[in-house]
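input17.pdb (PDB, C-alpha atoms, pLDDT in the B column) appears below.
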ATOM      1  CA  MET A 488       7.989  -3.304  -4.256  1.00 68.00           C
ATOM      2  CA  LYS A 489       7.956  -5.748  -1.397  1.00 81.00           C
ATOM      3  CA  ALA A 490       5.146  -5.833   1.132  1.00 88.00           C
ATOM      4  CA  TYR A 491       5.734  -4.633   4.671  1.00 93.00           C
ATOM      5  CA  SER A 492       6.452  -7.466   7.092  1.00 93.00           C
ATOM      6  CA  LYS A 493       3.691  -8.930   9.214  1.00 94.00           C
ATOM      7  CA  ASP A 494       5.602  -7.835  12.322  1.00 95.00           C
ATOM      8  CA  LEU A 495       5.539  -4.181  11.223  1.00 96.00           C
ATOM      9  CA  ARG A 496       1.852  -4.446  10.368  1.00 96.00           C
ATOM     10  CA  LEU A 497       1.091  -5.814  13.835  1.00 96.00           C
ATOM     11  CA  ARG A 498       3.142  -3.082  15.542  1.00 97.00           C
ATOM     12  CA  VAL A 499       1.345  -0.385  13.525  1.00 97.00           C
ATOM     13  CA  LEU A 500      -2.053  -1.797  14.494  1.00 97.00           C
ATOM     14  CA  ALA A 501      -1.014  -2.182  18.127  1.00 97.00           C
ATOM     15  CA  ALA A 502      -0.084   1.517  18.221  1.00 97.00           C
ATOM     16  CA  VAL A 503      -3.454   2.445  16.710  1.00 97.00           C
ATOM     17  CA  ASP A 504      -5.216   0.171  19.217  1.00 97.00           C
ATOM     18  CA  ARG A 505      -3.423   1.957  22.086  1.00 97.00           C
ATOM     19  CA  GLY A 506      -5.039   5.184  20.922  1.00 96.00           C
ATOM     20  CA  MET A 507      -2.088   6.798  19.194  1.00 96.00           C
ATOM     21  CA  PRO A 508      -3.245   9.201  16.433  1.00 97.00           C
ATOM     22  CA  ARG A 509      -2.965   7.682  12.956  1.00 96.00           C
ATOM     23  CA  ALA A 510      -0.841  10.550  11.635  1.00 97.00           C
ATOM     24  CA  GLU A 511       1.643  10.004  14.457  1.00 97.00           C
ATOM     25  CA  VAL A 512       1.662   6.229  13.862  1.00 97.00           C
ATOM     26  CA  ALA A 513       2.303   6.843  10.168  1.00 97.00           C
ATOM     27  CA  LYS A 514       5.228   9.146  10.930  1.00 97.00           C
ATOM     28  CA  THR A 515       6.677   6.834  13.592  1.00 96.00           C
ATOM     29  CA  PHE A 516       6.614   3.684  11.473  1.00 96.00           C
ATOM     30  CA  GLY A 517       7.214   5.291   8.075  1.00 96.00           C
ATOM     31  CA  VAL A 518       3.934   4.206   6.502  1.00 96.00           C
ATOM     32  CA  SER A 519       1.090   6.241   5.052  1.00 96.00           C
ATOM     33  CA  VAL A 520      -2.230   6.884   6.747  1.00 97.00           C
ATOM     34  CA  SER A 521      -3.967   5.078   3.882  1.00 97.00           C
ATOM     35  CA  THR A 522      -1.801   2.020   4.596  1.00 96.00           C
ATOM     36  CA  ILE A 523      -2.979   2.079   8.209  1.00 97.00           C
ATOM     37  CA  LYS A 524      -6.592   2.280   7.039  1.00 97.00           C
ATOM     38  CA  ARG A 525      -5.999  -0.651   4.693  1.00 96.00           C
ATOM     39  CA  TYR A 526      -4.504  -2.736   7.535  1.00 96.00           C
ATOM     40  CA  LEU A 527      -7.463  -1.919   9.779  1.00 97.00           C
ATOM     41  CA  ARG A 528      -9.934  -2.898   7.049  1.00 96.00           C
ATOM     42  CA  LEU A 529      -8.012  -6.114   6.303  1.00 95.00           C
ATOM     43  CA  ARG A 530      -7.954  -7.076   9.986  1.00 96.00           C
ATOM     44  CA  ARG A 531     -11.667  -6.315  10.309  1.00 96.00           C
ATOM     45  CA  GLN A 532     -12.551  -8.407   7.228  1.00 95.00           C
ATOM     46  CA  THR A 533     -10.214 -11.381   7.631  1.00 93.00           C
ATOM     47  CA  GLY A 534      -8.978 -11.236  11.211  1.00 93.00           C
ATOM     48  CA  ASP A 535      -5.367 -11.181  10.032  1.00 93.00           C
ATOM     49  CA  VAL A 536      -2.946  -8.806   8.297  1.00 93.00           C
ATOM     50  CA  GLN A 537      -0.883 -11.352   6.381  1.00 92.00           C
ATOM     51  CA  PRO A 538       0.654  -9.831   3.202  1.00 89.00           C
ATOM     52  CA  LYS A 539      -0.898 -11.048  -0.041  1.00 85.00           C
ATOM     53  CA  PRO A 540       1.272 -13.259  -2.250  1.00 85.00           C
ATOM     54  CA  ILE A 541       3.130 -11.556  -5.091  1.00 81.00           C
ATOM     55  CA  PRO A 542       0.970 -11.849  -8.216  1.00 85.00           C
ATOM     56  CA  GLY A 543       2.096 -13.504 -11.393  1.00 86.00           C
ATOM     57  CA  PRO A 544       4.377 -16.420 -12.099  1.00 84.00           C
ATOM     58  CA  PRO A 545       7.653 -16.681 -10.203  1.00 78.00           C
ATOM     59  CA  ALA A 546      10.753 -15.247 -11.840  1.00 78.00           C
ATOM     60  CA  ARG A 547      12.438 -18.062 -13.717  1.00 81.00           C
ATOM     61  CA  LYS A 548      15.363 -16.323 -15.375  1.00 88.00           C
ATOM     62  CA  ARG A 549      16.980 -14.514 -12.457  1.00 87.00           C
ATOM     63  CA  ALA A 550      18.109 -17.570 -10.506  1.00 88.00           C
ATOM     64  CA  LEU A 551      19.493 -19.258 -13.603  1.00 91.00           C
ATOM     65  CA  LEU A 552      21.248 -16.072 -14.721  1.00 92.00           C
ATOM     66  CA  GLU A 553      22.826 -15.557 -11.307  1.00 91.00           C
ATOM     67  CA  GLU A 554      24.012 -19.165 -11.272  1.00 92.00           C
ATOM     68  CA  LYS A 555      25.360 -19.508 -14.824  1.00 93.00           C
ATOM     69  CA  LEU A 556      26.329 -15.988 -15.901  1.00 92.00           C
ATOM     70  CA  PRO A 557      29.569 -15.589 -13.894  1.00 93.00           C
ATOM     71  CA  THR A 558      31.027 -18.684 -15.564  1.00 93.00           C
ATOM     72  CA  GLN A 559      29.859 -17.556 -19.001  1.00 93.00           C
ATOM     73  CA  VAL A 560      31.465 -14.124 -18.592  1.00 91.00           C
ATOM     74  CA  ARG A 561      34.686 -15.627 -17.222  1.00 90.00           C
ATOM     75  CA  LEU A 562      34.965 -18.035 -20.176  1.00 92.00           C
ATOM     76  CA  ASN A 563      33.936 -15.428 -22.786  1.00 89.00           C
ATOM     77  CA  PRO A 564      35.139 -12.023 -21.564  1.00 86.00           C
ATOM     78  CA  ASP A 565      35.198 -10.430 -25.038  1.00 87.00           C
ATOM     79  CA  LEU A 566      31.524 -10.954 -25.910  1.00 89.00           C
ATOM     80  CA  THR A 567      29.170  -8.011 -26.258  1.00 89.00           C
ATOM     81  CA  LEU A 568      25.872  -7.814 -24.421  1.00 90.00           C
ATOM     82  CA  GLU A 569      23.946  -9.119 -27.444  1.00 93.00           C
ATOM     83  CA  GLU A 570      26.407 -11.979 -27.899  1.00 93.00           C
ATOM     84  CA  HIS A 571      26.025 -12.962 -24.242  1.00 93.00           C
ATOM     85  CA  CYS A 572      22.244 -13.069 -24.770  1.00 94.00           C
ATOM     86  CA  GLU A 573      22.626 -15.320 -27.810  1.00 95.00           C
ATOM     87  CA  LEU A 574      25.104 -17.628 -26.056  1.00 94.00           C
ATOM     88  CA  PHE A 575      22.873 -17.907 -22.997  1.00 94.00           C
ATOM     89  CA  GLU A 576      19.923 -18.892 -25.201  1.00 94.00           C
ATOM     90  CA  GLU A 577      22.010 -21.472 -27.070  1.00 94.00           C
ATOM     91  CA  GLU A 578      23.351 -23.073 -23.896  1.00 93.00           C
ATOM     92  CA  HIS A 579      20.265 -22.914 -21.667  1.00 91.00           C
ATOM     93  CA  GLY A 580      17.332 -22.603 -24.058  1.00 91.00           C
ATOM     94  CA  ILE A 581      15.985 -19.448 -22.428  1.00 90.00           C
ATOM     95  CA  GLU A 582      15.762 -16.213 -24.384  1.00 93.00           C
ATOM     96  CA  VAL A 583      17.063 -13.231 -22.440  1.00 93.00           C
ATOM     97  CA  SER A 584      16.693  -9.616 -23.536  1.00 94.00           C
ATOM     98  CA  THR A 585      19.665  -7.271 -23.505  1.00 93.00           C
ATOM     99  CA  ALA A 586      17.983  -5.268 -20.729  1.00 94.00           C
ATOM    100  CA  THR A 587      17.611  -8.367 -18.534  1.00 93.00           C
ATOM    101  CA  MET A 588      21.188  -9.408 -19.272  1.00 93.00           C
ATOM    102  CA  SER A 589      22.454  -5.916 -18.456  1.00 92.00           C
ATOM    103  CA  ARG A 590      20.587  -5.844 -15.125  1.00 92.00           C
ATOM    104  CA  ALA A 591      21.887  -9.302 -14.223  1.00 92.00           C
ATOM    105  CA  LEU A 592      25.479  -8.313 -15.005  1.00 92.00           C
ATOM    106  CA  LYS A 593      25.147  -5.151 -12.934  1.00 92.00           C
ATOM    107  CA  ARG A 594      23.541  -7.029 -10.025  1.00 90.00           C
ATOM    108  CA  LEU A 595      26.406  -9.553 -10.063  1.00 91.00           C
ATOM    109  CA  GLY A 596      29.048  -6.827 -10.388  1.00 91.00           C
ATOM    110  CA  LEU A 597      30.450  -8.273 -13.617  1.00 87.00           C
ATOM    111  CA  ALA A 598      32.294  -6.085 -16.107  1.00 79.00           C
ATOM    112  CA  LEU A 599      31.451  -6.340 -19.782  1.00 76.00           C
ATOM    113  CA  LYS A 600      33.269  -5.460 -22.985  1.00 63.00           C
ATOM    114  CA  LYS A 601      32.201  -1.927 -23.927  1.00 64.00           C
ATOM    115  CA  ARG A 602      32.665  -1.949 -27.735  1.00 61.00           C
ATOM    116  CA  PRO A 603      31.676  -4.495 -30.403  1.00 56.00           C
TER
END

Any chance you could give the structure as structure tokens?
Amino acid sequence: MKAYSKDLRLRVLAAVDRGMPRAEVAKTFGVSVSTIKRYLRLRRQTGDVQPKPIPGPPARKRALLEEKLPTQVRLNPDLTLEEHCELFEEEHGIEVSTATMSRALKRLGLALKKRP
């Protein structure tokens, strides 16, 4: 899940600072009361409400899949999901699970052979 934008965070805190009840602020901006409390605590501790960076290493397969997969499917339309995974690993040296391959195909709107 992506973090709320800094702009939204600042608008939420500005509404709280104007004296608007937290429950009403939560309903107006579509955030929870606990989120408002967390923003207030963060502002009090650091002086800012900048979202924290996403933990973990950056995704390395998605960009490559989105770049190379359309060509692979166009050149090999009869391959099964497993065969596409194997071909992708052979050509690019990155192992891709069938679940990852399936999600990438769906995200790109690419059709795939249904039967082996």

Kindly give the distance, in Å, that separates atom CA of Glu511 of chain A and atom CA of Arg496 of chain A, rounded to a single decimal.
15.0 Å

Residue with the minimum atom-to-atom distance to Lys555 of chain A, picked from A:Arg509, A:Arg528, A:Lys514, A:His579 with all atoms listed in the file counted, is A:His579

Name the closest residue to Ile581 of chain A among the candidates A:Gly596, A:Leu529, A:Pro564, A:Leu552; distances are taken between atoms, counting only C-alpha atoms.
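Checking each candidate against Ile581 of chain A, we get A:Leu552 as the closest.
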
Closest-contact table, segment 556-602 of chain A side, partner segment 534-550 of chain A, 12 Å, counting only C-alpha atoms, as a Markdown table:
| residue | atom | partner | partner_atom | distance |
| --- | --- | --- | --- | --- |
| A:Leu556 | CA | A:Ala550 | CA | 10.0 |
| A:Phe575 | CA | A:Lys548 | CA | 10.8 |
| A:Glu576 | CA | A:Lys548 | CA | 11.1 |
| A:His579 | CA | A:Lys548 | CA | 10.3 |
| A:Gly580 | CA | A:Lys548 | CA | 10.9 |
| A:Ile581 | CA | A:Lys548 | CA | 7.7 |
| A:Glu582 | CA | A:Lys548 | CA | 9.0 |
| A:Val583 | CA | A:Lys548 | CA | 7.9 |
| A:Ser584 | CA | A:Lys548 | CA | 10.6 |
| A:Thr587 | CA | A:Arg549 | CA | 8.7 |
| A:Met588 | CA | A:Arg549 | CA | 9.5 |
| A:Ser589 | CA | A:Arg549 | CA | 11.8 |
| A:Arg590 | CA | A:Arg549 | CA | 9.8 |
| A:Ala591 | CA | A:Arg549 | CA | 7.4 |
| A:Leu592 | CA | A:Arg549 | CA | 10.8 |
| A:Arg594 | CA | A:Arg549 | CA | 10.2 |
| A:Leu595 | CA | A:Arg549 | CA | 10.9 |

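Among A:Ser519, A:Ala598, A:Ala513, A:Tyr526, the residue with the shortest atom-to-atom distance to Leu500 of chain A, counting only C-alpha atoms, is A:Tyr526.
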
In file coordinates, which residues lie within 12 Å of (-0.2, 10.2, 10.7) using all atoms listed in the file, given as a ChimeraX atom specification?
/A:499,502-503,507-524

Would you mind telling me which residue in A:Ala490, A:Leu497, A:Leu599, A:Leu527 lies nearest to Asp565 of chain A when using all atoms listed in the file?
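Under the stated criterion, the closest residue is A:Leu599.
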
Reconstruct all heavy atoms of segment 556-567 of chain A from the incomplete input and present them as a compact mmCIF listing (two decimals), in the frame of the given file.
# COMPACT_ATOMS: atom_id res chain seq x y z
N LEU A 556 25.71 -17.13 -15.23
CA LEU A 556 26.33 -15.99 -15.90
C LEU A 556 27.78 -15.73 -15.49
O LEU A 556 28.61 -15.44 -16.36
CB LEU A 556 25.48 -14.74 -15.70
CG LEU A 556 25.71 -13.59 -16.66
CD1 LEU A 556 25.59 -14.05 -18.10
CD2 LEU A 556 24.73 -12.48 -16.38
N PRO A 557 28.15 -15.84 -14.23
CA PRO A 557 29.57 -15.59 -13.89
C PRO A 557 30.53 -16.49 -14.67
O PRO A 557 31.57 -16.03 -15.15
CB PRO A 557 29.64 -15.87 -12.39
CG PRO A 557 28.25 -15.59 -11.91
CD PRO A 557 27.35 -16.04 -13.01
N THR A 558 30.18 -17.76 -14.82
CA THR A 558 31.03 -18.68 -15.56
C THR A 558 31.08 -18.30 -17.03
O THR A 558 32.15 -18.31 -17.65
CB THR A 558 30.49 -20.13 -15.43
OG1 THR A 558 30.40 -20.44 -14.04
CG2 THR A 558 31.40 -21.12 -16.12
N GLN A 559 29.92 -17.94 -17.58
CA GLN A 559 29.86 -17.56 -19.00
C GLN A 559 30.73 -16.33 -19.27
O GLN A 559 31.46 -16.29 -20.25
CB GLN A 559 28.41 -17.27 -19.41
CG GLN A 559 28.27 -16.85 -20.86
CD GLN A 559 26.83 -16.65 -21.26
OE1 GLN A 559 25.98 -17.46 -20.96
NE2 GLN A 559 26.56 -15.55 -21.95
N VAL A 560 30.67 -15.34 -18.40
CA VAL A 560 31.46 -14.12 -18.59
C VAL A 560 32.95 -14.42 -18.41
O VAL A 560 33.79 -13.90 -19.14
CB VAL A 560 30.99 -13.00 -17.63
CG1 VAL A 560 31.92 -11.81 -17.68
CG2 VAL A 560 29.57 -12.58 -17.98
N ARG A 561 33.29 -15.29 -17.45
CA ARG A 561 34.69 -15.63 -17.22
C ARG A 561 35.27 -16.37 -18.43
O ARG A 561 36.41 -16.12 -18.83
CB ARG A 561 34.81 -16.49 -15.96
CG ARG A 561 36.24 -16.76 -15.56
CD ARG A 561 36.40 -17.45 -14.19
NE ARG A 561 35.30 -18.25 -13.76
CZ ARG A 561 35.09 -19.54 -14.11
NH1 ARG A 561 35.91 -20.13 -14.93
NH2 ARG A 561 34.06 -20.20 -13.64
N LEU A 562 34.48 -17.26 -19.03
CA LEU A 562 34.97 -18.04 -20.18
C LEU A 562 34.94 -17.25 -21.48
O LEU A 562 35.67 -17.56 -22.41
CB LEU A 562 34.12 -19.31 -20.34
CG LEU A 562 34.23 -20.33 -19.21
CD1 LEU A 562 33.27 -21.48 -19.44
CD2 LEU A 562 35.66 -20.84 -19.07
N ASN A 563 34.09 -16.22 -21.56
CA ASN A 563 33.94 -15.43 -22.79
C ASN A 563 33.97 -13.94 -22.46
O ASN A 563 32.97 -13.24 -22.61
CB ASN A 563 32.60 -15.77 -23.47
CG ASN A 563 32.46 -17.24 -23.75
OD1 ASN A 563 33.13 -17.77 -24.60
ND2 ASN A 563 31.60 -17.89 -22.99
N PRO A 564 35.10 -13.42 -22.02
CA PRO A 564 35.14 -12.02 -21.56
C PRO A 564 35.01 -10.99 -22.68
O PRO A 564 34.69 -9.83 -22.41
CB PRO A 564 36.51 -11.91 -20.89
CG PRO A 564 37.34 -12.95 -21.56
CD PRO A 564 36.39 -14.07 -21.88
N ASP A 565 35.22 -11.39 -23.93
CA ASP A 565 35.20 -10.43 -25.04
C ASP A 565 33.84 -10.31 -25.73
O ASP A 565 33.73 -9.55 -26.70
CB ASP A 565 36.26 -10.80 -26.08
CG ASP A 565 37.66 -10.62 -25.53
OD1 ASP A 565 37.83 -9.80 -24.61
OD2 ASP A 565 38.58 -11.31 -26.02
N LEU A 566 32.84 -11.02 -25.26
CA LEU A 566 31.52 -10.95 -25.91
C LEU A 566 30.80 -9.66 -25.56
O LEU A 566 30.94 -9.14 -24.45
CB LEU A 566 30.65 -12.14 -25.50
CG LEU A 566 31.12 -13.53 -25.94
CD1 LEU A 566 30.11 -14.57 -25.50
CD2 LEU A 566 31.35 -13.59 -27.43
N THR A 567 30.01 -9.18 -26.52
CA THR A 567 29.17 -8.01 -26.26
C THR A 567 27.92 -8.46 -25.52
O THR A 567 27.66 -9.66 -25.37
CB THR A 567 28.77 -7.32 -27.57
OG1 THR A 567 27.98 -8.23 -28.33
CG2 THR A 567 29.98 -6.86 -28.35
